[in-house]
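*Asks:* What follows is protein-v2.cif; its format and atoms are mmCIF, C-alpha atoms.
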```cif
data_input
loop_
_atom_site.group_PDB
_atom_site.id
_atom_site.type_symbol
_atom_site.label_atom_id
_atom_site.label_comp_id
_atom_site.auth_asym_id
_atom_site.auth_seq_id
_atom_site.Cartn_x
_atom_site.Cartn_y
_atom_site.Cartn_z
ATOM 1 C CA MET A 232 -16.227 10.587 -98.233
ATOM 2 C CA ASN A 233 -12.605 11.237 -99.074
ATOM 3 C CA ALA A 234 -11.800 8.934 -102.016
ATOM 4 C CA GLN A 235 -8.217 8.540 -100.803
ATOM 5 C CA ILE A 236 -9.413 6.885 -97.577
ATOM 6 C CA GLU A 237 -11.768 4.510 -99.341
ATOM 7 C CA GLU A 238 -9.040 3.523 -101.787
ATOM 8 C CA ALA A 239 -6.567 2.856 -98.946
ATOM 9 C CA ILE A 240 -9.135 0.748 -97.105
ATOM 10 C CA GLU A 241 -9.952 -1.193 -100.291
ATOM 11 C CA ILE A 242 -6.258 -2.028 -100.692
ATOM 12 C CA LEU A 243 -6.006 -3.291 -97.117
ATOM 13 C CA LYS A 244 -9.255 -5.264 -97.411
ATOM 14 C CA SER A 245 -8.016 -6.909 -100.587
ATOM 15 C CA GLY A 246 -4.962 -8.215 -98.729
ATOM 16 C CA ASN A 247 -2.628 -6.736 -101.347
ATOM 17 C CA ARG A 248 0.639 -6.734 -99.387
ATOM 18 C CA GLN A 249 2.543 -4.878 -102.078
ATOM 19 C CA ASP A 250 0.426 -1.722 -101.755
ATOM 20 C CA ALA A 251 -0.380 -2.155 -98.044
ATOM 21 C CA GLU A 252 2.508 0.044 -96.877
ATOM 22 C CA ARG A 253 1.374 2.966 -99.042
ATOM 23 C CA ALA A 254 -2.236 2.502 -97.915
ATOM 24 C CA LEU A 255 -1.173 2.438 -94.273
ATOM 25 C CA GLU A 256 0.855 5.661 -94.718
ATOM 26 C CA THR A 257 -2.228 7.325 -96.217
ATOM 27 C CA LEU A 258 -4.443 6.300 -93.320
ATOM 28 C CA GLN A 259 -1.789 7.296 -90.778
ATOM 29 C CA GLY A 260 -1.697 10.772 -92.348
ATOM 30 C CA VAL A 261 -5.481 11.059 -92.363
ATOM 31 C CA VAL A 262 -6.077 9.916 -88.777
ATOM 32 C CA TYR A 263 -3.051 11.740 -87.324
ATOM 33 C CA GLY A 264 -4.126 14.913 -89.172
ATOM 34 C CA PHE A 265 -7.664 14.564 -87.850
ATOM 35 C CA GLY A 266 -6.270 14.123 -84.321
ATOM 36 C CA MET A 267 -4.110 17.248 -84.640
ATOM 37 C CA LYS A 268 -7.043 19.331 -85.854
ATOM 38 C CA VAL A 269 -9.315 18.120 -83.054
ATOM 39 C CA CYS A 270 -6.837 18.004 -80.142
ATOM 40 C CA GLY A 271 -4.060 20.364 -81.237
ATOM 41 C CA ARG A 272 -1.343 18.203 -79.647
ATOM 42 C CA HIS A 273 1.086 15.784 -81.266
ATOM 43 C CA GLU A 274 0.886 13.230 -78.418
ATOM 44 C CA ASP A 275 -2.906 13.055 -78.573
ATOM 45 C CA ALA A 276 -2.887 12.820 -82.365
ATOM 46 C CA GLN A 277 -0.287 10.045 -82.236
ATOM 47 C CA ASP A 278 -2.330 8.076 -79.649
ATOM 48 C CA THR A 279 -5.452 8.593 -81.760
ATOM 49 C CA ALA A 280 -3.719 7.311 -84.905
ATOM 50 C CA GLN A 281 -2.242 4.287 -83.158
ATOM 51 C CA GLU A 282 -5.409 3.142 -81.364
ATOM 52 C CA THR A 283 -7.670 3.823 -84.352
ATOM 53 C CA LEU A 284 -5.480 2.005 -86.864
ATOM 54 C CA ILE A 285 -4.999 -1.020 -84.595
ATOM 55 C CA ARG A 286 -8.769 -1.282 -84.315
ATOM 56 C CA LEU A 287 -9.122 -0.804 -88.056
ATOM 57 C CA ALA A 288 -6.738 -3.716 -88.715
ATOM 58 C CA ARG A 289 -8.938 -5.944 -86.555
ATOM 59 C CA GLN A 290 -12.115 -4.831 -88.325
ATOM 60 C CA LEU A 291 -10.923 -5.067 -91.925
ATOM 61 C CA LYS A 292 -12.803 -8.267 -92.656
ATOM 62 C CA GLU A 293 -15.916 -7.393 -90.635
ATOM 63 C CA PHE A 294 -17.203 -4.564 -92.804
ATOM 64 C CA PRO A 295 -18.659 -5.347 -96.221
ATOM 65 C CA ASP A 296 -17.699 -2.088 -97.903
ATOM 66 C CA ALA A 297 -15.001 0.540 -97.665
ATOM 67 C CA ARG A 298 -17.419 3.441 -97.226
ATOM 68 C CA ALA A 299 -19.013 1.922 -94.121
ATOM 69 C CA LEU A 300 -15.550 1.267 -92.756
ATOM 70 C CA SER A 301 -14.486 4.871 -93.497
ATOM 71 C CA VAL A 302 -17.409 6.233 -91.477
ATOM 72 C CA TRP A 303 -16.592 3.760 -88.705
ATOM 73 C CA LEU A 304 -12.930 4.924 -88.843
ATOM 74 C CA TYR A 305 -13.951 8.514 -88.106
ATOM 75 C CA LYS A 306 -16.300 7.404 -85.322
ATOM 76 C CA VAL A 307 -13.451 5.557 -83.617
ATOM 77 C CA ALA A 308 -10.968 8.382 -84.219
ATOM 78 C CA LYS A 309 -13.425 10.890 -82.778
ATOM 79 C CA THR A 310 -13.918 8.800 -79.632
ATOM 80 C CA GLN A 311 -10.160 8.221 -79.294
ATOM 81 C CA CYS A 312 -9.494 11.947 -79.629
ATOM 82 C CA LEU A 313 -11.939 12.753 -76.880
ATOM 83 C CA MET A 314 -10.470 10.042 -74.641
ATOM 84 C CA SER A 315 -6.772 10.432 -75.297
ATOM 85 C CA ARG A 316 -6.404 14.131 -74.744
ATOM 86 C CA ARG A 317 -3.882 14.895 -72.048
ATOM 87 C CA LYS A 318 -3.259 18.358 -70.789
ATOM 88 C CA SER A 319 -5.006 19.983 -73.705
ATOM 89 C CA LYS A 320 -8.244 21.578 -72.720
ATOM 90 C CA PHE A 321 -11.395 21.620 -74.729
ATOM 91 C CA ALA A 322 -13.401 24.758 -74.720
ATOM 92 C CA PRO A 323 -16.362 24.392 -72.372
ATOM 93 C CA ALA A 324 -19.370 22.534 -73.779
ATOM 94 C CA GLN A 325 -21.443 25.598 -74.485
ATOM 95 C CA MET A 326 -24.049 26.465 -77.058
ATOM 96 C CA LEU A 327 -23.245 29.011 -79.737
ATOM 97 C CA ALA A 328 -26.258 31.251 -80.276
ATOM 98 C CA LEU A 329 -26.695 32.583 -83.799
ATOM 99 C CA ASP A 330 -27.770 35.994 -82.512
ATOM 100 C CA ASP A 331 -24.481 36.371 -80.644
ATOM 101 C CA LEU A 332 -22.546 35.510 -83.792
ATOM 102 C CA MET A 333 -24.323 37.999 -86.041
ATOM 103 C CA PRO A 334 -21.942 40.695 -87.275
ATOM 104 C CA ARG A 335 -22.421 44.186 -85.889
ATOM 105 C CA GLU A 336 -23.259 46.972 -88.279
ATOM 106 C CA SER A 337 -19.831 48.529 -87.731
ATOM 107 C CA ASP A 338 -18.257 45.324 -89.092
ATOM 108 C CA LEU A 339 -20.144 45.803 -92.323
ATOM 109 C CA LEU A 340 -19.275 49.399 -93.133
ATOM 110 C CA PRO A 341 -17.527 49.867 -96.504
ATOM 111 C CA ALA A 342 -14.059 50.131 -94.893
ATOM 112 C CA ALA A 343 -14.544 46.949 -92.893
ATOM 113 C CA LYS A 344 -15.818 45.117 -95.973
ATOM 114 C CA LYS A 345 -12.721 46.054 -97.962
ATOM 115 C CA SER A 346 -10.449 44.925 -95.151
ATOM 116 C CA TRP A 347 -11.843 41.370 -95.444
ATOM 117 C CA GLN A 348 -10.679 40.968 -99.010
ATOM 118 C CA ILE A 349 -8.323 38.138 -98.260
ATOM 119 C CA SER A 350 -8.035 34.908 -100.190
ATOM 120 C CA PRO A 351 -7.897 31.373 -98.735
ATOM 121 C CA GLU A 352 -4.283 31.157 -100.018
ATOM 122 C CA GLU A 353 -3.335 34.262 -98.060
ATOM 123 C CA ILE A 354 -4.910 32.798 -94.932
ATOM 124 C CA LEU A 355 -2.888 29.594 -95.233
ATOM 125 C CA LEU A 356 0.418 31.074 -96.400
ATOM 126 C CA ASN A 357 0.564 33.714 -93.700
ATOM 127 C CA GLN A 358 1.979 31.936 -90.615
ATOM 128 C CA GLU A 359 0.201 34.246 -88.217
ATOM 129 C CA LEU A 360 -3.162 33.806 -89.956
ATOM 130 C CA ARG A 361 -2.706 30.050 -90.225
ATOM 131 C CA GLY A 362 -2.028 30.013 -86.483
ATOM 132 C CA ARG A 363 -5.123 32.137 -85.869
ATOM 133 C CA LEU A 364 -7.208 29.720 -87.932
ATOM 134 C CA GLU A 365 -5.916 26.758 -85.893
ATOM 135 C CA ALA A 366 -6.529 28.626 -82.623
ATOM 136 C CA ALA A 367 -10.070 29.604 -83.668
ATOM 137 C CA ILE A 368 -10.927 25.981 -84.472
ATOM 138 C CA LEU A 369 -9.485 24.801 -81.152
ATOM 139 C CA ALA A 370 -11.476 27.485 -79.339
ATOM 140 C CA LEU A 371 -14.763 26.065 -80.664
ATOM 141 C CA PRO A 372 -16.817 23.987 -78.209
ATOM 142 C CA LYS A 373 -16.072 20.368 -79.106
ATOM 143 C CA HIS A 374 -19.390 19.423 -80.731
ATOM 144 C CA TYR A 375 -19.143 22.377 -83.100
ATOM 145 C CA ARG A 376 -15.433 21.791 -83.701
ATOM 146 C CA LEU A 377 -15.929 18.146 -84.646
ATOM 147 C CA VAL A 378 -18.687 19.006 -87.119
ATOM 148 C CA LEU A 379 -16.598 21.733 -88.780
ATOM 149 C CA ILE A 380 -13.522 19.502 -89.026
ATOM 150 C CA LEU A 381 -15.457 16.544 -90.415
ATOM 151 C CA ARG A 382 -17.459 18.589 -92.944
ATOM 152 C CA ASP A 383 -15.029 21.275 -94.086
ATOM 153 C CA MET A 384 -11.595 19.799 -93.440
ATOM 154 C CA GLU A 385 -12.138 16.059 -93.855
ATOM 155 C CA GLN A 386 -14.774 16.780 -96.501
ATOM 156 C CA LEU A 387 -17.397 14.279 -95.447
ATOM 157 C CA ASP A 388 -20.900 15.092 -96.655
ATOM 158 C CA THR A 389 -23.681 16.185 -94.297
ATOM 159 C CA ARG A 390 -25.164 12.689 -94.011
ATOM 160 C CA GLU A 391 -21.793 11.154 -93.159
ATOM 161 C CA VAL A 392 -21.021 13.815 -90.536
ATOM 162 C CA ALA A 393 -24.431 13.220 -88.954
ATOM 163 C CA GLU A 394 -23.684 9.502 -88.886
ATOM 164 C CA VAL A 395 -20.246 9.929 -87.292
ATOM 165 C CA MET A 396 -21.617 12.360 -84.710
ATOM 166 C CA GLY A 397 -24.825 10.416 -84.015
ATOM 167 C CA ILE A 398 -26.993 13.501 -84.618
ATOM 168 C CA SER A 399 -29.588 14.545 -87.210
ATOM 169 C CA GLU A 400 -28.656 16.228 -90.481
ATOM 170 C CA GLU A 401 -30.520 19.350 -89.380
ATOM 171 C CA THR A 402 -28.454 19.599 -86.181
ATOM 172 C CA THR A 403 -25.305 18.981 -88.240
ATOM 173 C CA LYS A 404 -26.153 21.899 -90.541
ATOM 174 C CA MET A 405 -26.990 24.189 -87.636
ATOM 175 C CA ARG A 406 -23.727 23.408 -85.821
ATOM 176 C CA LEU A 407 -21.704 23.741 -89.000
ATOM 177 C CA HIS A 408 -23.027 27.216 -89.765
ATOM 178 C CA ARG A 409 -22.385 28.474 -86.244
ATOM 179 C CA ALA A 410 -18.900 26.971 -86.213
ATOM 180 C CA ARG A 411 -18.024 28.572 -89.570
ATOM 181 C CA VAL A 412 -19.300 31.964 -88.462
ATOM 182 C CA PHE A 413 -17.360 31.665 -85.191
ATOM 183 C CA VAL A 414 -14.116 30.949 -87.069
ATOM 184 C CA ARG A 415 -14.786 33.662 -89.663
ATOM 185 C CA ASN A 416 -15.422 36.219 -86.927
ATOM 186 C CA ALA A 417 -12.320 35.117 -85.017
ATOM 187 C CA LEU A 418 -10.193 35.755 -88.116
ATOM 188 C CA ALA A 419 -11.916 39.031 -88.986
ATOM 189 C CA GLY A 420 -10.296 41.136 -86.288
ATOM 190 C CA TYR A 421 -6.844 39.979 -87.210
ATOM 191 C CA VAL A 422 -7.399 40.318 -90.956
ATOM 192 C CA LYS A 423 -8.518 43.912 -90.415
ATOM 193 C CA HIS A 424 -5.397 44.592 -88.356
ATOM 194 C CA LEU A 425 -3.199 42.899 -90.966
ATOM 195 C CA LYS A 426 -4.686 44.809 -93.883
ATOM 196 C CA GLY A 427 -4.460 48.083 -91.969
ATOM 197 C CA GLY A 428 -0.783 47.374 -91.259
ATOM 198 C CA GLU A 429 -0.083 46.591 -94.905
ATOM 199 C CA LYS A 430 -1.644 49.845 -96.018
ATOM 200 C CA LYS A 431 0.468 51.762 -93.522
ATOM 201 C CA GLY A 432 3.547 49.879 -94.684
ATOM 202 C CA HIS A 433 2.997 50.909 -98.298
ATOM 203 C CA ALA A 434 2.333 54.541 -97.472
ATOM 204 C CA MET B 268 -26.814 43.346 -89.349
ATOM 205 C CA PRO B 269 -28.834 46.075 -90.985
ATOM 206 C CA ASP B 270 -32.331 44.552 -90.778
ATOM 207 C CA GLN B 271 -34.476 41.494 -90.126
ATOM 208 C CA ARG B 272 -34.223 40.271 -93.720
ATOM 209 C CA CYS B 273 -30.442 40.229 -93.404
ATOM 210 C CA LYS B 274 -30.799 38.235 -90.196
ATOM 211 C CA ARG B 275 -32.930 35.666 -91.983
ATOM 212 C CA ILE B 276 -30.472 35.466 -94.887
ATOM 213 C CA PHE B 277 -27.536 35.192 -92.481
ATOM 214 C CA ALA B 278 -28.943 31.920 -91.123
ATOM 215 C CA MET B 279 -29.030 30.419 -94.645
ATOM 216 C CA LEU B 280 -25.501 31.235 -95.801
ATOM 217 C CA SER B 281 -23.805 27.917 -95.019
ATOM 218 C CA ASP B 282 -26.574 25.841 -96.607
ATOM 219 C CA TYR B 283 -26.252 28.106 -99.639
ATOM 220 C CA LEU B 284 -22.481 27.561 -99.845
ATOM 221 C CA ASN B 285 -23.034 23.808 -99.512
ATOM 222 C CA THR B 286 -25.709 23.906 -102.231
ATOM 223 C CA GLU B 287 -28.072 22.370 -99.702
ATOM 224 C CA LEU B 288 -30.540 25.241 -99.581
ATOM 225 C CA PRO B 289 -34.064 24.489 -100.868
ATOM 226 C CA VAL B 290 -34.774 26.145 -104.236
ATOM 227 C CA LYS B 291 -37.361 28.527 -102.772
ATOM 228 C CA ASN B 292 -34.931 29.818 -100.117
ATOM 229 C CA CYS B 293 -32.171 29.953 -102.676
ATOM 230 C CA ARG B 294 -34.205 32.321 -104.839
ATOM 231 C CA GLU B 295 -35.046 34.473 -101.831
ATOM 232 C CA LEU B 296 -31.371 34.651 -100.855
ATOM 233 C CA GLU B 297 -30.172 35.509 -104.348
ATOM 234 C CA ARG B 298 -32.838 38.221 -104.699
ATOM 235 C CA HIS B 299 -31.711 39.695 -101.388
ATOM 236 C CA LEU B 300 -28.036 39.563 -102.310
ATOM 237 C CA LYS B 301 -28.626 41.644 -105.427
ATOM 238 C CA GLY B 302 -29.438 44.633 -103.279
ATOM 239 C CA CYS B 303 -27.494 44.091 -100.072
ATOM 240 C CA GLU B 304 -23.774 44.820 -100.113
ATOM 241 C CA PRO B 305 -23.113 43.904 -96.468
ATOM 242 C CA CYS B 306 -24.610 40.433 -97.001
ATOM 243 C CA ILE B 307 -22.580 39.947 -100.198
ATOM 244 C CA ALA B 308 -19.406 40.904 -98.332
ATOM 245 C CA TYR B 309 -20.208 38.649 -95.409
ATOM 246 C CA LEU B 310 -20.956 35.720 -97.717
ATOM 247 C CA GLU B 311 -17.630 36.271 -99.487
ATOM 248 C CA SER B 312 -15.682 36.304 -96.229
ATOM 249 C CA LEU B 313 -17.470 33.173 -95.023
ATOM 250 C CA LYS B 314 -16.736 31.448 -98.326
ATOM 251 C CA ASN B 315 -13.027 32.299 -98.029
ATOM 252 C CA THR B 316 -12.938 30.993 -94.460
ATOM 253 C CA VAL B 317 -14.547 27.700 -95.520
ATOM 254 C CA GLU B 318 -12.163 27.405 -98.471
ATOM 255 C CA ALA B 319 -9.165 27.973 -96.173
ATOM 256 C CA CYS B 320 -10.455 25.160 -93.917
ATOM 257 C CA ARG B 321 -10.873 22.880 -96.951
ATOM 258 C CA ARG B 322 -7.319 23.480 -98.114
ATOM 259 C CA TYR B 323 -5.752 23.314 -94.658
ATOM 260 C CA GLN B 324 -3.442 20.334 -94.225
ATOM 261 C CA VAL B 325 -1.381 19.137 -91.310
ATOM 262 C CA ARG B 326 2.114 19.495 -92.743
ATOM 263 C CA LYS B 327 3.984 16.579 -91.164
ATOM 264 C CA PHE B 328 2.963 13.303 -89.648
ATOM 265 C CA PRO B 329 4.984 10.538 -87.989
ATOM 266 C CA ALA B 330 5.291 7.062 -89.487
ATOM 267 C CA PRO B 331 2.830 4.397 -88.276
ATOM 268 C CA SER B 332 3.989 2.864 -84.984
ATOM 269 C CA ARG B 333 5.415 -0.646 -84.610
ATOM 270 C CA LYS B 334 2.182 -1.754 -82.879
ATOM 271 C CA VAL B 335 0.105 -0.613 -85.846
ATOM 272 C CA ARG B 336 2.366 -2.401 -88.333
ATOM 273 C CA GLU B 337 2.171 -5.570 -86.251
ATOM 274 C CA ALA B 338 -1.663 -5.411 -86.056
ATOM 275 C CA LEU B 339 -1.839 -4.967 -89.819
ATOM 276 C CA ARG B 340 0.620 -7.808 -90.449
ATOM 277 C CA LEU B 341 -1.626 -10.111 -88.408
ATOM 278 C CA ALA B 342 -4.744 -8.900 -90.224
ATOM 279 C CA LEU B 343 -3.231 -9.523 -93.654
ATOM 280 C CA ARG B 344 -2.013 -13.049 -92.845
#
```
How does the structure come out when it is put into structure tokens?
*Replies:*
Amino acid sequence: MNAQIEEAIEILKSGNRQDAERALETLQGVVYGFGMKVCGRHEDAQDTAQETLIRLARQLKEFPDARALSVWLYKVAKTQCLMSRRKSKFAPAQMLALDDLMPRESDLLPAAKKSWQISPEEILLNQELRGRLEAAILALPKHYRLVLILRDMEQLDTREVAEVMGISEETTKMRLHRARVFVRNALAGYVKHLKGGEKKGHA
Amino acid sequence: MPDQRCKRIFAMLSDYLNTELPVKNCRELERHLKGCEPCIAYLESLKNTVEACRRYQVRKFPAPSRKVREALRLALR
């Protein structure tokens, strides 16, 4: 679990008014950010943050430890996200089959391999690529998207993701792998195009 | 992917990156990777994608709403 969240919850549970504002800002950032990643719309993320944090305030004294409350926080935020979405559309609830996600041989030829030499920094600093990453995540069917966001972006461990999702750890791992491959493959075409363009530009 | 062994390895890549792969499978995967360039390249690209997700942050967020502040004020009383 993200240590920042647990620390913020500990502060609120302790009733320390002096640090409460900072702790609340932290949790607002976490839950709003989670809402943006899942729903892709400011209004939905704002609703998610508001409803989740109001419920958190009411539950502060009910939970014995901050970790249990952190998991609960994500469960509520997840449900709020799914309920509060407005015009945004989730991708249809489909299954991702591993066979369909397997790369083709042509994607693995030496030229294609070289074209994927792109660092995580390059992905995030390039506006177009960052946008493609966001679009690929939003294009995932929701049960895969939630697992990827919780595990890779919110950095919960497998057991915690399984708990938030109400599924087994094995199913969590299976969904995570398919979601990662889906996103990787969605970026691949654009990365290849980008790298090709750069080479032409330098010629 | 080139062959059935690659297909089997492909299914293990995320568990490997998460260090959640059983030791026996881990050895099998690492043996395979020594001789399979396409699998090495795919693993690298998957690793970079995961790392980009890990580092991704929503840049701006609004301040907590008045309703949230009020609920917290009541809770801390």
*Asks:* Can you find the residues with an atom no farther than 12 Å from (-8.2, -9.4, -99.9), counting all atoms listed in the file, and report them as a list of chain:residue names?
*Replies:*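 Those within range, by chain then number, are A:Ile240, A:Glu241, A:Ile242, A:Leu243, A:Lys244, A:Ser245, A:Gly246, A:Asn247, A:Arg248, A:Gln249, A:Asp250, A:Ala251, A:Leu291, A:Lys292, A:Pro295, B:Ala342, B:Leu343, B:Arg344.
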*Asks:* Using C-alpha atoms, can you write the selected residues to a file as an mmCIF file, keeping the file's coordinate frame?
*Replies:*
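That gives us again-v2.cif:
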```cif
data_model
loop_
_atom_site.group_PDB
_atom_site.id
_atom_site.type_symbol
_atom_site.label_atom_id
_atom_site.label_comp_id
_atom_site.auth_asym_id
_atom_site.auth_seq_id
_atom_site.Cartn_x
_atom_site.Cartn_y
_atom_site.Cartn_z
ATOM 1 C CA ILE A 240 -9.135 0.748 -97.105
ATOM 2 C CA GLU A 241 -9.952 -1.193 -100.291
ATOM 3 C CA ILE A 242 -6.258 -2.028 -100.692
ATOM 4 C CA LEU A 243 -6.006 -3.291 -97.117
ATOM 5 C CA LYS A 244 -9.255 -5.264 -97.411
ATOM 6 C CA SER A 245 -8.016 -6.909 -100.587
ATOM 7 C CA GLY A 246 -4.962 -8.215 -98.729
ATOM 8 C CA ASN A 247 -2.628 -6.736 -101.347
ATOM 9 C CA ARG A 248 0.639 -6.734 -99.387
ATOM 10 C CA GLN A 249 2.543 -4.878 -102.078
ATOM 11 C CA ASP A 250 0.426 -1.722 -101.755
ATOM 12 C CA ALA A 251 -0.380 -2.155 -98.044
ATOM 13 C CA LEU A 291 -10.923 -5.067 -91.925
ATOM 14 C CA LYS A 292 -12.803 -8.267 -92.656
ATOM 15 C CA PRO A 295 -18.659 -5.347 -96.221
ATOM 16 C CA ALA B 342 -4.744 -8.900 -90.224
ATOM 17 C CA LEU B 343 -3.231 -9.523 -93.654
ATOM 18 C CA ARG B 344 -2.013 -13.049 -92.845
#
```
*Asks:* Could you write out as a count of residues only the residues of chain A within 8 Å of chain B, counting all atoms listed in the file?
*Replies:* 46
*Asks:* List the neighbours of Trp303 of chain A out to 10 Å using only C-alpha atoms; skip same-chain residues closer than 2 positions along the sequence, and give me the result as a PyMOL selection string.
*Replies:* chain A and resi 283+287+290+294+297-301+305-309+394-395
*Asks:* How many Å lie between atom CA of Gln235 of chain A and atom CA of Tyr375 of chain A, rounded to one decimal?
*Replies:*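 Atom CA of Tyr375 of chain A lies 25.0 Å from atom CA of Gln235 of chain A.
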*Asks:* Padding 8 Å on every side, please: axis-aligned box over the listed atoms of segment 249-252 of chain A, centre and edge lengths to one decimal in Å, as AutoDock Vina command-line options.
*Replies:*
```
--center_x 1.1 --center_y -2.4 --center_z -99.5 --size_x 18.9 --size_y 20.9 --size_z 21.2
```
*Asks:* Just the number, please: distance in Å from atom CA of Leu364 of chain A to atom CA of Leu300 of chain B, one decimal.
*Replies:*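 Calculated distance between atom CA of Leu364 of chain A and atom CA of Leu300 of chain B is 27.2 Å.
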*Asks:* May I ask for the distance between atom CA of Gly302 of chain B and atom CA of Arg272 of chain B, given in Å to one decimal place?
*Replies:*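 Separating atom CA of Gly302 of chain B from atom CA of Arg272 of chain B is a distance of 11.5 Å.
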*Asks:* For the file shown, report as a list in words the outcome of the PyMOL selection byres ((chain A and resi 372) around 12) at residue level.
*Replies:* Val269, Cys270, Lys320, Phe321, Ala322, Pro323, Ala324, Gln325, Met326, Leu327, Ala367, Ile368, Leu369, Ala370, Leu371, Lys373, His374, Tyr375, Arg376, Leu377, Val378, Leu379, Arg406, Leu407, Arg409, Ala410, Phe413 and Val414 of chain A
